[in-house]
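In what follows, a structure is listed as structure tokens, so that the remarks can point back to it.
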Amino acid sequence: MKGGFLSADWAKEHPGRGIFVLIVTFIMAFIITSSFDIEMYTGFFGYLAMSCVGMLVVLGAMWKGRSLPVDNIPQPLSGMLMGIFAFIWGTLLCYGLINFVGGGALHPFVALHTIMSIVTMFFIFLAFNFWPFNKLSPPAAGFTYIITAYTIAFCLIQLFDFSLVSYPLGVYPSPIDPVPLYVAGGPLEIFFAPTGPFPWEHGITYTLCSLVFLWVFAILGMWPFSNFKLEQPVFGAAVTASCLILGYIAFNVGVYQLHIEPLHLMSYAIGAIFGMLITLTIFQTWPGRTMKGLAGGFFNLALSLVMGAVGYIIVQAFCMWHFGETMVYPDGLNAINTMMLGLLFPIWAAYGDLFEFWPLPPLAPSDEEPVE
């Protein structure tokens with residue numbers, strides 16, 4: 001689309017184009033969300049959307065849109081073709097895991113396995129820069145990367161204990177005893193789930209707290225690790241270890257000092273990640289990229305946390321309005337989390353990496369080069 005509104009000066013540089021993209025994608029998310037009840041939205045729809053994330057990362061970050069025969073196809077057709085490819089892959093993965101991991105049903109263990117897989121993918125992507133998969137041919141690298149992430153996540157999630165719902169009322173400390181989940185007397189006793197040493201609410205919350213710090217390092221340009229001449233996999237191991245330590249501290253402060261119920265803390269962590277994703281994917285590190293040195297990264301980090309908090313409030317208000325009295329623990333938190341990372345993040349990844357923000361024009365040159 002040339003000429004007119006979408007080729008005006010505001011569309012060629014930030015913050016105008018970023019604000020436009022945010023408005024459009026939020027409207028899309030609101031329309032999609034309003035088409036479902038909370039059970040379907042936090043269940044099959046959310047799981048299907050999450051199942052597409054791995055291939056979206058491969059197409060956008062690993063293959064950079066060049067490993068499929070769409071180079072000579074103009075937008076938006078090329079973006080649509082890559083999006084269809086990601087959707088087909090996600091659908092096959094979704095049904096495969098429901099049948100082979102979930103025993104034919106979608107239940108919490110299956111959903112958390114996929115969440116753990118996405119977290120693992122992000123660590124391999126951001127901390128290890130796709131090592132060692134970047135040594136392989138692009139097709140082999142992409143598929144092996146996803147399969148490996150799901151395998152690692154399956155091993156890690158064996159440390160979780162799914163026997164009980166530890167905080168039935170969503171309050172910490174719980175005023176009532178835990179209730180059965182996968183054990184005898186629980187609603188899911190017929191399904192398999194691990195009985196590891198850590199309550200599943202603690203395990204998944206700690207994982208997301210650690211992921212927050214991975215995105216913090218990403219928004220800071222991997223500082224301070226970028227100051228050292230570390231090669232992979234040492235670089236990735238150092239970043240990962242730091243995230244795990246900082247995540248442990250954040251988890252303990254949040255749960256044991258501030259008395260935040262773990263799944264609420266996880267939702268707040270997702271809100272922080274949500275804000276950083278806005279800065280990185282929508283505003284493409286503006287305005288920090290126009291500043292000198294590390295100050296820009298810390299400015300972006302502070303701005304991201306503010307946007308994450310505001311975004312969380314907006315998403316929560318919409319979900320409360322749409323789902324109404326069904327927004328009870330833990331489904332209410334799952335609805336908010338699904339919209340922030342299960343729906344909006346894939347939309348942003350697809351719009352930016354696959355559609356190249358079509359029909360907006362490319363960024364102005366002055367907005368592409370950071371100030372030295």
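Order determines the names: the first chain of the structure tokens is A, the second B, and so forth; residues in each chain are numbered 1 upward, and ligands are numbered 1 upward as they are shown.
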
Dump as JSON lines the rows for residues of stretch 102-137 of chain A within 12 Å of stretch 219-222 of chain A: closest atom pair and distance in Å with one decimal, only C-alpha atoms counted, ordered by chain and rising residue number.
{"residue": "A:Leu126", "atom": "CA", "partner": "A:Met222", "partner_atom": "CA", "distance": 8.8}
{"residue": "A:Ala127", "atom": "CA", "partner": "A:Met222", "partner_atom": "CA", "distance": 8.4}
{"residue": "A:Phe128", "atom": "CA", "partner": "A:Met222", "partner_atom": "CA", "distance": 11.2}
{"residue": "A:Asn129", "atom": "CA", "partner": "A:Met222", "partner_atom": "CA", "distance": 11.3}

Open item on the list: Write out as a PyMOL selection string the set of residues from stretch 195-360 of chain A that DSSP, computed on the backbone, places in alpha helix (DSSP H).
Closed with: chain A and resi 200-219+234-252+262-277+295-323+331-337+345-349

List as a Markdown table every residue of stretch 74-187 of chain A that is in contact with stretch 58-63 of chain A, defined as an atom at most 9 Å from one of its atoms (using only C-alpha atoms), together with the nearest atom pair and the distance in Å rounded to one decimal, sorted by chain and then rising number.
| residue | atom | partner | partner_atom | distance |
| --- | --- | --- | --- | --- |
| A:Met82 | CA | A:Leu59 | CA | 7.7 |
| A:Ala86 | CA | A:Leu59 | CA | 8.1 |
| A:Phe125 | CA | A:Ala61 | CA | 8.2 |
| A:Phe130 | CA | A:Met62 | CA | 7.6 |
| A:Asn134 | CA | A:Met62 | CA | 8.3 |
| A:Pro138 | CA | A:Trp63 | CA | 6.5 |
| A:Pro139 | CA | A:Trp63 | CA | 8.4 |
| A:Ala141 | CA | A:Met62 | CA | 8.4 |
| A:Gly142 | CA | A:Val58 | CA | 5.7 |
| A:Phe143 | CA | A:Val58 | CA | 8.3 |
| A:Tyr145 | CA | A:Val58 | CA | 8.4 |
| A:Ile146 | CA | A:Val58 | CA | 8.3 |

Please save C-alpha atoms of the selected residues as a compact mmCIF listing (two decimals), in the first residue's frame.
# COMPACT_ATOMS: atom_id res chain seq x y z
CA MET A 82 4.90 -18.71 6.31
CA ALA A 86 3.71 -22.33 11.27
CA PHE A 125 17.81 -18.72 21.34
CA PHE A 130 20.97 -21.32 18.83
CA ASN A 134 23.54 -23.26 14.22
CA PRO A 138 18.88 -24.60 8.37
CA PRO A 139 16.11 -27.22 7.97
CA ALA A 141 18.65 -26.91 12.77
CA GLY A 142 15.06 -25.67 12.98
CA PHE A 143 13.33 -28.97 13.55
CA TYR A 145 15.93 -27.17 17.89
CA ILE A 146 12.21 -27.55 18.56

Sorted by chain and rising residue number, which residues of stretch 265-304 of chain A lie within 9 Å of stretch 312-321 of chain A, and what are their closest atom pairs and distances in Å to one decimal, counting only C-alpha atoms, as a tab-separated table?
residue	atom	partner	partner_atom	distance
A:Ser267	CA	A:Tyr312	CA	9.0
A:Tyr268	CA	A:Tyr312	CA	8.1
A:Ile270	CA	A:Tyr312	CA	8.9
A:Gly271	CA	A:Tyr312	CA	5.7
A:Ala272	CA	A:Tyr312	CA	8.7
A:Phe274	CA	A:Tyr312	CA	8.2
A:Gly275	CA	A:Tyr312	CA	8.8

Task: Shell of 8 Å around A:Leu333, only C-alpha atoms, local chain residues under 6 positions omitted, as number ranges by chain - done: A: 263-264, 267, 327

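Counting only C-alpha atoms, stretch 153-156 of chain A has the following residues at most 6 Å away, ignoring those fewer than 3 positions along the same chain: Met116, Ser117, Tyr150 and Leu159 of chain A.
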
Restrict the selected residues to N, CA, C and O atoms and save them as a PDB file, in the first residue's frame.
ATOM      1  N   MET A 116       7.080 -24.959  29.496  1.00  0.00           N
ATOM      2  CA  MET A 116       8.488 -25.234  29.787  1.00  0.00           C
ATOM      3  C   MET A 116       9.302 -25.354  28.503  1.00  0.00           C
ATOM      4  O   MET A 116      10.461 -24.928  28.440  1.00  0.00           O
ATOM      5  N   SER A 117       8.695 -25.909  27.465  1.00  0.00           N
ATOM      6  CA  SER A 117       9.383 -26.044  26.178  1.00  0.00           C
ATOM      7  C   SER A 117       9.669 -24.681  25.567  1.00  0.00           C
ATOM      8  O   SER A 117      10.755 -24.447  25.025  1.00  0.00           O
ATOM      9  N   TYR A 150      11.588 -29.474  23.452  1.00  0.00           N
ATOM     10  CA  TYR A 150      10.489 -30.223  24.055  1.00  0.00           C
ATOM     11  C   TYR A 150      11.006 -31.406  24.870  1.00  0.00           C
ATOM     12  O   TYR A 150      10.439 -31.757  25.907  1.00  0.00           O
ATOM     13  N   LEU A 159      10.578 -32.934  37.576  1.00  0.00           N
ATOM     14  CA  LEU A 159      10.884 -32.455  38.923  1.00  0.00           C
ATOM     15  C   LEU A 159       9.668 -31.838  39.612  1.00  0.00           C
ATOM     16  O   LEU A 159       9.717 -31.553  40.803  1.00  0.00           O
TER      17      LEU A 159
END

Task: Close residues, stretch 71-79 of chain A itself excluded, 10 Å, only C-alpha atoms, min 5 positions apart in chain, as a PyMOL selection string - done: chain A and resi 65-66+84-85+350-359

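Of the listed residues (A:Gly254, A:Gly196, A:Gly96, A:Pro233), A:Pro233 comes nearest to A:Ile124; the distances count only C-alpha atoms.
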
Open item on the list: Set the distance at 8 Å and use only C-alpha atoms: which residues neighbour A:Leu48 once local chain neighbours fewer than 3 positions away are removed? I'd like the list as a PyMOL selection string.
Closed with: chain A and resi 44-45+51-52+90-91+94

Could the residues in this selection be saved with N, CA, C and O atoms as a PDB file, in the first residue's frame?
ATOM      1  N   PHE A  44      -7.940 -25.411  24.751  1.00  0.00           N
ATOM      2  CA  PHE A  44      -7.414 -25.825  23.451  1.00  0.00           C
ATOM      3  C   PHE A  44      -6.881 -24.659  22.634  1.00  0.00           C
ATOM      4  O   PHE A  44      -5.814 -24.756  22.020  1.00  0.00           O
ATOM      5  N   PHE A  45      -7.613 -23.520  22.597  1.00  0.00           N
ATOM      6  CA  PHE A  45      -7.135 -22.402  21.784  1.00  0.00           C
ATOM      7  C   PHE A  45      -5.775 -21.906  22.254  1.00  0.00           C
ATOM      8  O   PHE A  45      -4.853 -21.703  21.455  1.00  0.00           O
ATOM      9  N   SER A  51       1.603 -23.793  20.779  1.00  0.00           N
ATOM     10  CA  SER A  51       2.270 -24.815  19.976  1.00  0.00           C
ATOM     11  C   SER A  51       2.881 -24.235  18.700  1.00  0.00           C
ATOM     12  O   SER A  51       3.776 -24.850  18.109  1.00  0.00           O
ATOM     13  N   CYS A  52       2.418 -23.068  18.289  1.00  0.00           N
ATOM     14  CA  CYS A  52       2.954 -22.419  17.084  1.00  0.00           C
ATOM     15  C   CYS A  52       4.186 -21.563  17.379  1.00  0.00           C
ATOM     16  O   CYS A  52       4.895 -21.165  16.444  1.00  0.00           O
ATOM     17  N   GLY A  90       2.216 -26.187  14.155  1.00  0.00           N
ATOM     18  CA  GLY A  90       1.685 -26.078  15.503  1.00  0.00           C
ATOM     19  C   GLY A  90       0.505 -26.998  15.738  1.00  0.00           C
ATOM     20  O   GLY A  90       0.369 -27.584  16.822  1.00  0.00           O
ATOM     21  N   THR A  91      -0.351 -27.156  14.724  1.00  0.00           N
ATOM     22  CA  THR A  91      -1.515 -28.031  14.856  1.00  0.00           C
ATOM     23  C   THR A  91      -1.090 -29.486  15.005  1.00  0.00           C
ATOM     24  O   THR A  91      -1.608 -30.217  15.870  1.00  0.00           O
ATOM     25  N   CYS A  94       0.449 -29.869  18.410  1.00  0.00           N
ATOM     26  CA  CYS A  94      -0.600 -29.777  19.426  1.00  0.00           C
ATOM     27  C   CYS A  94      -1.311 -31.121  19.592  1.00  0.00           C
ATOM     28  O   CYS A  94      -1.390 -31.668  20.712  1.00  0.00           O
TER      29      CYS A  94
END

Task: From A:Leu265, A:Ala238, A:Leu81, A:Val119, residue lying nearest A:Thr207 [only C-alpha atoms] - done: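 Once distances to A:Thr207 are computed over only C-alpha atoms, the minimum belongs to A:Val119.
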
TODO: Write out as a list in words the residues lying within 12 Å of A:Ser163, counting only C-alpha atoms and excluding same-chain residues fewer than 4 positions away.
DONE: Pro108, Phe109, Pro178, Val179, Pro180, Leu181, Tyr182, Val183, Ala184, Gly185, Gly186, Pro187, Leu188, Glu189, Ile190, Phe191, Phe192, Ala193, Pro194, Thr195, Gly196, Pro197, Phe198, Pro199, Trp200 and Glu201 of chain A

Let me see the file: selected residues, C-alpha atoms, as a CSV table (one decimal), in the first residue's frame.
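Dumped everything to out_15.csv:
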chain,number,residue,atom,x,y,z
A,108,PRO,CA,-2.4,-29.1,33.2
A,109,PHE,CA,0.6,-31.4,32.9
A,178,PRO,CA,-4.2,-28.6,49.5
A,179,VAL,CA,-6.7,-30.6,47.5
A,180,PRO,CA,-6.0,-33.6,45.3
A,181,LEU,CA,-5.3,-33.1,41.6
A,182,TYR,CA,-3.7,-36.1,39.9
A,183,VAL,CA,-3.7,-38.5,42.9
A,184,ALA,CA,-6.6,-40.7,44.0
A,185,GLY,CA,-9.6,-38.6,44.7
A,186,GLY,CA,-8.5,-35.8,42.4
A,187,PRO,CA,-10.3,-34.9,39.1
A,188,LEU,CA,-7.3,-35.9,37.0
A,189,GLU,CA,-6.4,-39.2,38.8
A,190,ILE,CA,-6.8,-41.2,35.6
A,191,PHE,CA,-4.0,-39.3,33.8
A,192,PHE,CA,-0.2,-39.6,34.3
A,193,ALA,CA,1.7,-36.6,35.8
A,194,PRO,CA,5.1,-36.4,37.5
A,195,THR,CA,5.4,-36.5,41.3
A,196,GLY,CA,8.8,-34.8,41.7
A,197,PRO,CA,10.1,-32.9,44.7
A,198,PHE,CA,8.7,-29.5,43.9
A,199,PRO,CA,5.1,-28.4,43.9
A,200,TRP,CA,4.1,-27.6,40.3
A,201,GLU,CA,3.0,-24.1,41.2

Counting only C-alpha atoms, which residues of stretch 213-312 of chain A fall within 12 Å of stretch 25-38 of chain A, and what is the closest atom pair for each with its distance in Å at one decimal, ordered by chain and rising number, as a tab-separated table?
residue	atom	partner	partner_atom	distance
A:Ile278	CA	A:Thr25	CA	11.2
A:Ile282	CA	A:Thr25	CA	10.1
A:Gly311	CA	A:Phe26	CA	9.9
